[in-house]
Amino acid sequence: MIVSNPNGVNSRARGSAAETYQFEADLSLKRLRDVLDATWQRLDVEPDVVHEFEVRLDQHWRPLFRLLMHLYGSRYDFFYHLQQIVITAAEAWAARSPILRAQDYHRINEPDWFTSQKVVGGALYVDLFSENLGKLRQHIGYFKELGLTYLHLMPLFAVRPGDNDGGYAISNYRSVDPRLGTVEDLRLLADELREAGIVLVLDFVFNHTSEDHEWALQAQAGDVEYQNFYYIFPDREIPDQYERTLREIFPTVRRGNFTWHDGMQQWVWTTFNNFQWDLNYSNPAVFRAMLEELFFIANTGVDILRLDAVAFIWKQMGTGCENLPEAHMLIQAFNRLCSIATPGLLFKSEAIVHPDDVVKYIGERECQISYNPTLMALLWESLATRRVSLLAQSLSHRHQLPPRTAWVNYLRCHDDIGWTFDDADAAAVGINGYDHRNFLNRFYTGQFEGSFARGVPFQENVQTGDMRISGTMASLAGLEQAIEEDSEELKELAIRRMLLLQGITLSIGGIPLLYLGEEWGMLNDYDFVKDPAKAGDTRWIHRPKMQWHYLDELDDHIASDSQSIRSRIFLSLQRLIALRESLPALAGQQMQLVDLGNSHVLCFVRMHEAHRLIVIANFCESPQTIAGNLLRTTGLGRFFEDAISGETISTSEPFELDSYQIMWLERC
């Protein structure tokens, strides 16, 4: 029986809230059927294609409805937007190519495909790597040669002129930056990567648009509908109320989170830069508009979308406007709609926040994969301290993830290094978090006595002492210092540090991601200051241009049986990637720490189905002795072979790890 409540909203008499939602969801979908049928007729979609969509729509509708109802159910125009969202999803599925639909089918039936040990990633800026998308297609063989099966292209859509935050100030989501090519070039690249067995990853910058995006231009022209796409205020009254609980992301660039716009004579919410306008997701029109952009990008052939700045997408007065429950609901709603219309697509979260908050974005129904900023930061921390206590403490309770999800493990990316470890984890091993971050900042900028690093500060705040670190992997690991001092011993140690870190990310569980240039040990590029659009952002120091003549050098040294530093790094990393792909134990996320009683050595066991592999890594320049009996009881065997060196280890006696050595041990 249906009764009306005092507010005029129908509900089941004496029914639970869940039953009420189910009834309202089912009734809403029933009312939408005619509109959906008309959409199929208008688009002339084959009956079997319609059937596949509607099966998934029925499967995901109730949880999707619940999410949208929570976010937008109080809006007067809720049902209109609900109808438009369904039409948008249907149109996206109808526009999906037969090849992508076939891939969708396989991924629906193999939902953990991305957890294979054969998935190894690389990230790059198109213009710095190959000038444009057309030339990038010519280098697919290079990716295959290195062993990559996952390629993340940094933002490549149309951006504002001049400073555009490294491509994250997007003017048009449906137009590639003309300096890089066209949307058709992107589709061709996606097709050829797919044929080569390489998945394509792009950014979805959905917290903000550029000030010159069409929506923002309409807002500046006085269109109230588009002004409601953003947070725009006539005076400081409301912005000042928000500011009381907001943090500043780039305090050295500007203060506060709002920018005065002379043309409109109003204040605009700009969390990051004054030319990046935050979108107002409390408006369902924004959700629907961004859904259309998401589906357009997905249908170019993209396999994974990196969701940029996920922590910031929902605002609420009196909070820090980060990591709010509605932010998760928004992503979950996008996830459900993709499961209906583009089911082969995955989400990767970019949440550089507290470790407890990072993991909340990870789930089969939210973001299936996520950057692992804590592991990245703590690998560098262990390299600086020569101790693994804080790393092991964090891994002991932060590495495990839900089924059908994975970490993306990286050492460097386009961004800076922030020391995002948990202070409670630090305290548990006797470390003061604030003091330790100061030490790490001094160490990695080369200001600490005995440091091997050559990083530079990013966003240093003299008042608070806060700082992050820019620099390439090689410069941070000591190669720049070693070359400056022309020391063969220091060069050897730097190379060993780099291969140690790469060996961990390739084996610890998840998708390893290289920032292209790492494979050659490329150093800091100090010439970035010559470009006025880049000079104010030290992150450009670790975004060097690809030097293609390195390949000629590699060929020369292979032929002469002599190796340069660069060719040694490349060949060693290439071999590690090939070894990873051959070791089934490295699939999935299952990892168990082993305490060897040595603060310099990290040890863990990787397990997948019946396969086991023991990883032992020395984070110190001094050799370390390991008790063979500990290896026997951990690996349940008497003899082990190191897959990396080929050395056989007997557990009847102690064995030695050389400086910065890593072993991948299998039972003989």
# chains A, B, ... in the order shown; residues from 1 in each chain; ligands from 1
>>> residues_around(residues="A:Gly344", least_positions_apart="2", cutoff="8 Å", atoms="only C-alpha atoms", output="JSON, numbers by chain")
{"A": [100, 103, 104, 105, 107, 108, 303, 339, 342, 346]}
>>> write_last_selection(atoms="N, CA and C atoms", output="PDB file, in the first residue's frame")
ATOM      1  N   LEU A 100      35.173  -1.383 -29.145  1.00  0.00           N
ATOM      2  CA  LEU A 100      35.140  -1.074 -27.716  1.00  0.00           C
ATOM      3  C   LEU A 100      34.066  -1.888 -27.000  1.00  0.00           C
ATOM      4  N   GLN A 103      35.505  -5.230 -26.351  1.00  0.00           N
ATOM      5  CA  GLN A 103      36.435  -5.149 -25.225  1.00  0.00           C
ATOM      6  C   GLN A 103      35.684  -5.048 -23.907  1.00  0.00           C
ATOM      7  N   ASP A 104      34.592  -4.280 -23.901  1.00  0.00           N
ATOM      8  CA  ASP A 104      33.741  -4.197 -22.709  1.00  0.00           C
ATOM      9  C   ASP A 104      33.297  -5.585 -22.268  1.00  0.00           C
ATOM     10  N   TYR A 105      32.873  -6.375 -23.236  1.00  0.00           N
ATOM     11  CA  TYR A 105      32.373  -7.717 -22.926  1.00  0.00           C
ATOM     12  C   TYR A 105      33.449  -8.548 -22.233  1.00  0.00           C
ATOM     13  N   ARG A 107      36.048  -7.500 -20.547  1.00  0.00           N
ATOM     14  CA  ARG A 107      36.405  -6.972 -19.232  1.00  0.00           C
ATOM     15  C   ARG A 107      35.307  -7.188 -18.200  1.00  0.00           C
ATOM     16  N   ILE A 108      34.067  -7.219 -18.642  1.00  0.00           N
ATOM     17  CA  ILE A 108      32.981  -7.578 -17.732  1.00  0.00           C
ATOM     18  C   ILE A 108      33.192  -8.995 -17.210  1.00  0.00           C
ATOM     19  N   ASP A 303      41.097   3.589 -21.895  1.00  0.00           N
ATOM     20  CA  ASP A 303      40.820   2.438 -21.026  1.00  0.00           C
ATOM     21  C   ASP A 303      40.667   2.827 -19.560  1.00  0.00           C
ATOM     22  N   SER A 339      29.599   1.860 -15.710  1.00  0.00           N
ATOM     23  CA  SER A 339      29.308   0.428 -15.729  1.00  0.00           C
ATOM     24  C   SER A 339      28.145   0.110 -16.653  1.00  0.00           C
ATOM     25  N   THR A 342      29.820   2.459 -20.539  1.00  0.00           N
ATOM     26  CA  THR A 342      31.201   2.214 -21.010  1.00  0.00           C
ATOM     27  C   THR A 342      31.863   1.230 -20.040  1.00  0.00           C
ATOM     28  N   LEU A 346      37.948   2.028 -16.526  1.00  0.00           N
ATOM     29  CA  LEU A 346      38.303   2.058 -15.110  1.00  0.00           C
ATOM     30  C   LEU A 346      38.594   3.479 -14.667  1.00  0.00           C
TER      31      LEU A 346
END
>>> select_by_dssp(residues="stretch 159-266 of chain A", states="strand (DSSP E)", output="ChimeraX atom specification")
/A:159,170-176,199-204,208-210,232-233,258-261,266
>>> write_last_selection(atoms="N, CA and C atoms", output="mmCIF file, in the first residue's frame")
data_model
loop_
_atom_site.group_PDB
_atom_site.id
_atom_site.type_symbol
_atom_site.label_atom_id
_atom_site.label_comp_id
_atom_site.auth_asym_id
_atom_site.auth_seq_id
_atom_site.Cartn_x
_atom_site.Cartn_y
_atom_site.Cartn_z
ATOM 1 N N VAL A 159 43.944 23.904 -23.770
ATOM 2 C CA VAL A 159 44.167 24.631 -22.518
ATOM 3 C C VAL A 159 44.290 26.128 -22.800
ATOM 4 N N ILE A 170 41.782 23.220 -18.383
ATOM 5 C CA ILE A 170 41.240 22.782 -19.667
ATOM 6 C C ILE A 170 40.182 23.752 -20.186
ATOM 7 N N SER A 171 40.344 24.119 -21.454
ATOM 8 C CA SER A 171 39.412 25.024 -22.124
ATOM 9 C C SER A 171 38.321 24.273 -22.879
ATOM 10 N N ASN A 172 38.631 23.040 -23.304
ATOM 11 C CA ASN A 172 37.678 22.276 -24.106
ATOM 12 C C ASN A 172 38.018 20.795 -23.969
ATOM 13 N N TYR A 173 37.093 20.021 -23.412
ATOM 14 C CA TYR A 173 37.321 18.590 -23.201
ATOM 15 C C TYR A 173 37.161 17.780 -24.488
ATOM 16 N N ARG A 174 36.681 18.404 -25.536
ATOM 17 C CA ARG A 174 36.440 17.675 -26.791
ATOM 18 C C ARG A 174 37.388 18.104 -27.906
ATOM 19 N N SER A 175 38.421 18.817 -27.524
ATOM 20 C CA SER A 175 39.400 19.281 -28.506
ATOM 21 C C SER A 175 40.796 19.062 -27.953
ATOM 22 N N VAL A 176 41.620 18.369 -28.715
ATOM 23 C CA VAL A 176 43.012 18.186 -28.326
ATOM 24 C C VAL A 176 43.755 19.503 -28.556
ATOM 25 N N VAL A 199 47.241 -0.468 -22.823
ATOM 26 C CA VAL A 199 46.044 0.279 -22.439
ATOM 27 C C VAL A 199 46.385 1.765 -22.361
ATOM 28 N N LEU A 200 45.397 2.593 -22.686
ATOM 29 C CA LEU A 200 45.584 4.041 -22.726
ATOM 30 C C LEU A 200 44.922 4.681 -21.514
ATOM 31 N N VAL A 201 45.671 5.561 -20.854
ATOM 32 C CA VAL A 201 45.198 6.261 -19.660
ATOM 33 C C VAL A 201 45.262 7.768 -19.924
ATOM 34 N N LEU A 202 44.173 8.467 -19.648
ATOM 35 C CA LEU A 202 44.137 9.925 -19.757
ATOM 36 C C LEU A 202 43.602 10.521 -18.463
ATOM 37 N N ASP A 203 43.858 11.811 -18.289
ATOM 38 C CA ASP A 203 43.330 12.531 -17.134
ATOM 39 C C ASP A 203 41.916 13.022 -17.401
ATOM 40 N N PHE A 204 41.073 12.956 -16.377
ATOM 41 C CA PHE A 204 39.767 13.604 -16.410
ATOM 42 C C PHE A 204 39.799 14.688 -15.342
ATOM 43 N N HIS A 208 37.574 21.332 -11.866
ATOM 44 C CA HIS A 208 37.574 22.721 -12.326
ATOM 45 C C HIS A 208 37.754 22.774 -13.833
ATOM 46 N N THR A 209 37.417 23.904 -14.402
ATOM 47 C CA THR A 209 37.733 24.189 -15.795
ATOM 48 C C THR A 209 38.628 25.427 -15.833
ATOM 49 N N SER A 210 39.168 25.694 -16.998
ATOM 50 C CA SER A 210 39.882 26.946 -17.208
ATOM 51 C C SER A 210 38.886 28.106 -17.249
ATOM 52 N N ILE A 232 30.275 31.562 -7.544
ATOM 53 C CA ILE A 232 30.503 32.970 -7.827
ATOM 54 C C ILE A 232 29.725 33.805 -6.819
ATOM 55 N N PHE A 233 30.398 34.779 -6.211
ATOM 56 C CA PHE A 233 29.797 35.551 -5.121
ATOM 57 C C PHE A 233 30.018 37.040 -5.348
ATOM 58 N N PHE A 258 39.749 32.138 -3.247
ATOM 59 C CA PHE A 258 38.816 32.866 -4.106
ATOM 60 C C PHE A 258 39.569 33.951 -4.870
ATOM 61 N N THR A 259 39.121 34.201 -6.093
ATOM 62 C CA THR A 259 39.773 35.176 -6.963
ATOM 63 C C THR A 259 38.765 36.236 -7.407
ATOM 64 N N TRP A 260 39.159 37.485 -7.326
ATOM 65 C CA TRP A 260 38.311 38.579 -7.797
ATOM 66 C C TRP A 260 38.382 38.654 -9.320
ATOM 67 N N HIS A 261 37.205 38.691 -9.946
ATOM 68 C CA HIS A 261 37.137 38.778 -11.406
ATOM 69 C C HIS A 261 36.666 40.178 -11.783
ATOM 70 N N GLN A 266 32.934 40.109 -9.403
ATOM 71 C CA GLN A 266 32.504 39.113 -8.429
ATOM 72 C C GLN A 266 33.689 38.216 -8.058
#
>>> closest_atom_pairs(of="stretch 332-370 of chain A", to="stretch 76-89 of chain A", cutoff="9 Å", atoms="only C-alpha atoms", output="Markdown table")
| residue | atom | partner | partner_atom | distance |
| --- | --- | --- | --- | --- |
| A:Leu337 | CA | A:Ala89 | CA | 6.7 |
| A:Cys338 | CA | A:Ala89 | CA | 8.0 |
| A:Ile340 | CA | A:Ala89 | CA | 7.3 |
| A:Ala341 | CA | A:Ala89 | CA | 5.4 |
| A:Thr342 | CA | A:Ala89 | CA | 8.6 |
>>> decode(residues="stretch 141-169 of chain A", atoms="N, CA, C and O atoms", output="mmCIF file, in the first residue's frame")
data_model
loop_
_atom_site.group_PDB
_atom_site.id
_atom_site.type_symbol
_atom_site.label_atom_id
_atom_site.label_comp_id
_atom_site.auth_asym_id
_atom_site.auth_seq_id
_atom_site.Cartn_x
_atom_site.Cartn_y
_atom_site.Cartn_z
ATOM 1 N N GLY A 141 56.564 0.973 -30.682
ATOM 2 C CA GLY A 141 57.572 -0.084 -30.589
ATOM 3 C C GLY A 141 58.534 0.130 -29.434
ATOM 4 O O GLY A 141 58.999 -0.843 -28.823
ATOM 5 N N TYR A 142 58.828 1.389 -29.121
ATOM 6 C CA TYR A 142 59.708 1.690 -27.981
ATOM 7 C C TYR A 142 59.063 1.247 -26.676
ATOM 8 O O TYR A 142 59.722 0.654 -25.813
ATOM 9 N N PHE A 143 57.770 1.521 -26.526
ATOM 10 C CA PHE A 143 57.075 1.105 -25.307
ATOM 11 C C PHE A 143 57.086 -0.416 -25.171
ATOM 12 O O PHE A 143 57.290 -0.957 -24.074
ATOM 13 N N LYS A 144 56.848 -1.100 -26.277
ATOM 14 C CA LYS A 144 56.862 -2.562 -26.242
ATOM 15 C C LYS A 144 58.256 -3.093 -25.921
ATOM 16 O O LYS A 144 58.401 -4.064 -25.172
ATOM 17 N N GLU A 145 59.271 -2.453 -26.480
ATOM 18 C CA GLU A 145 60.642 -2.882 -26.222
ATOM 19 C C GLU A 145 60.989 -2.749 -24.740
ATOM 20 O O GLU A 145 61.631 -3.628 -24.154
ATOM 21 N N LEU A 146 60.531 -1.677 -24.126
ATOM 22 C CA LEU A 146 60.792 -1.476 -22.701
ATOM 23 C C LEU A 146 59.976 -2.441 -21.849
ATOM 24 O O LEU A 146 60.400 -2.823 -20.756
ATOM 25 N N GLY A 147 58.804 -2.858 -22.345
ATOM 26 C CA GLY A 147 57.956 -3.795 -21.623
ATOM 27 C C GLY A 147 56.689 -3.180 -21.070
ATOM 28 O O GLY A 147 56.014 -3.780 -20.228
ATOM 29 N N LEU A 148 56.330 -1.984 -21.551
ATOM 30 C CA LEU A 148 55.145 -1.297 -21.040
ATOM 31 C C LEU A 148 53.872 -1.842 -21.680
ATOM 32 O O LEU A 148 53.840 -2.118 -22.879
ATOM 33 N N THR A 149 52.828 -1.967 -20.866
ATOM 34 C CA THR A 149 51.522 -2.399 -21.363
ATOM 35 C C THR A 149 50.417 -1.428 -20.933
ATOM 36 O O THR A 149 49.231 -1.736 -21.046
ATOM 37 N N TYR A 150 50.825 -0.267 -20.459
ATOM 38 C CA TYR A 150 49.915 0.734 -19.885
ATOM 39 C C TYR A 150 50.585 2.080 -20.119
ATOM 40 O O TYR A 150 51.738 2.270 -19.741
ATOM 41 N N LEU A 151 49.895 3.001 -20.797
ATOM 42 C CA LEU A 151 50.503 4.287 -21.133
ATOM 43 C C LEU A 151 49.595 5.422 -20.694
ATOM 44 O O LEU A 151 48.469 5.557 -21.156
ATOM 45 N N HIS A 152 50.113 6.247 -19.784
ATOM 46 C CA HIS A 152 49.373 7.399 -19.279
ATOM 47 C C HIS A 152 49.918 8.660 -19.927
ATOM 48 O O HIS A 152 51.074 9.025 -19.730
ATOM 49 N N LEU A 153 49.070 9.321 -20.711
ATOM 50 C CA LEU A 153 49.434 10.583 -21.341
ATOM 51 C C LEU A 153 48.938 11.723 -20.465
ATOM 52 O O LEU A 153 47.745 11.799 -20.137
ATOM 53 N N MET A 154 49.851 12.594 -20.079
ATOM 54 C CA MET A 154 49.475 13.736 -19.269
ATOM 55 C C MET A 154 48.497 14.606 -20.057
ATOM 56 O O MET A 154 48.342 14.442 -21.264
ATOM 57 N N PRO A 155 47.784 15.548 -19.394
ATOM 58 C CA PRO A 155 46.676 16.265 -20.048
ATOM 59 C C PRO A 155 47.033 16.764 -21.445
ATOM 60 O O PRO A 155 48.062 17.405 -21.644
ATOM 61 N N LEU A 156 46.156 16.451 -22.393
ATOM 62 C CA LEU A 156 46.434 16.802 -23.790
ATOM 63 C C LEU A 156 45.282 17.548 -24.453
ATOM 64 O O LEU A 156 45.317 17.802 -25.659
ATOM 65 N N PHE A 157 44.272 17.908 -23.654
ATOM 66 C CA PHE A 157 43.147 18.635 -24.239
ATOM 67 C C PHE A 157 43.467 20.130 -24.297
ATOM 68 O O PHE A 157 44.442 20.607 -23.715
ATOM 69 N N ALA A 158 42.645 20.859 -25.026
ATOM 70 C CA ALA A 158 42.883 22.284 -25.240
ATOM 71 C C ALA A 158 42.950 23.030 -23.905
ATOM 72 O O ALA A 158 42.118 22.806 -23.011
ATOM 73 N N VAL A 159 43.944 23.904 -23.770
ATOM 74 C CA VAL A 159 44.167 24.631 -22.518
ATOM 75 C C VAL A 159 44.290 26.128 -22.800
ATOM 76 O O VAL A 159 44.440 26.552 -23.948
ATOM 77 N N ARG A 160 44.252 26.898 -21.733
ATOM 78 C CA ARG A 160 44.414 28.344 -21.858
ATOM 79 C C ARG A 160 45.844 28.666 -22.290
ATOM 80 O O ARG A 160 46.769 27.899 -22.002
ATOM 81 N N PRO A 161 46.051 29.788 -22.949
ATOM 82 C CA PRO A 161 47.415 30.179 -23.322
ATOM 83 C C PRO A 161 48.253 30.475 -22.083
ATOM 84 O O PRO A 161 47.734 30.826 -21.022
ATOM 85 N N GLY A 162 49.571 30.364 -22.226
ATOM 86 C CA GLY A 162 50.475 30.686 -21.129
ATOM 87 C C GLY A 162 50.428 29.634 -20.042
ATOM 88 O O GLY A 162 50.322 28.437 -20.313
ATOM 89 N N ASP A 163 50.507 30.069 -18.790
ATOM 90 C CA ASP A 163 50.488 29.132 -17.661
ATOM 91 C C ASP A 163 49.152 28.405 -17.625
ATOM 92 O O ASP A 163 48.085 29.019 -17.561
ATOM 93 N N ASN A 164 49.194 27.088 -17.697
ATOM 94 C CA ASN A 164 47.961 26.296 -17.653
ATOM 95 C C ASN A 164 48.082 25.144 -16.666
ATOM 96 O O ASN A 164 47.401 24.133 -16.808
ATOM 97 N N ASP A 165 48.957 25.309 -15.656
ATOM 98 C CA ASP A 165 49.150 24.297 -14.620
ATOM 99 C C ASP A 165 49.517 22.941 -15.224
ATOM 100 O O ASP A 165 48.996 21.907 -14.843
ATOM 101 N N GLY A 166 50.413 22.967 -16.184
ATOM 102 C CA GLY A 166 50.870 21.723 -16.782
ATOM 103 C C GLY A 166 49.798 20.971 -17.536
ATOM 104 O O GLY A 166 49.850 19.742 -17.652
ATOM 105 N N GLY A 167 48.809 21.699 -18.064
ATOM 106 C CA GLY A 167 47.742 21.061 -18.828
ATOM 107 C C GLY A 167 46.468 20.834 -18.052
ATOM 108 O O GLY A 167 45.495 20.297 -18.602
ATOM 109 N N TYR A 168 46.425 21.268 -16.786
ATOM 110 C CA TYR A 168 45.260 21.007 -15.945
ATOM 111 C C TYR A 168 44.279 22.182 -15.887
ATOM 112 O O TYR A 168 43.422 22.214 -15.006
ATOM 113 N N ALA A 169 44.429 23.132 -16.796
ATOM 114 C CA ALA A 169 43.451 24.215 -16.936
ATOM 115 C C ALA A 169 42.812 24.057 -18.307
ATOM 116 O O ALA A 169 43.233 24.654 -19.293
#
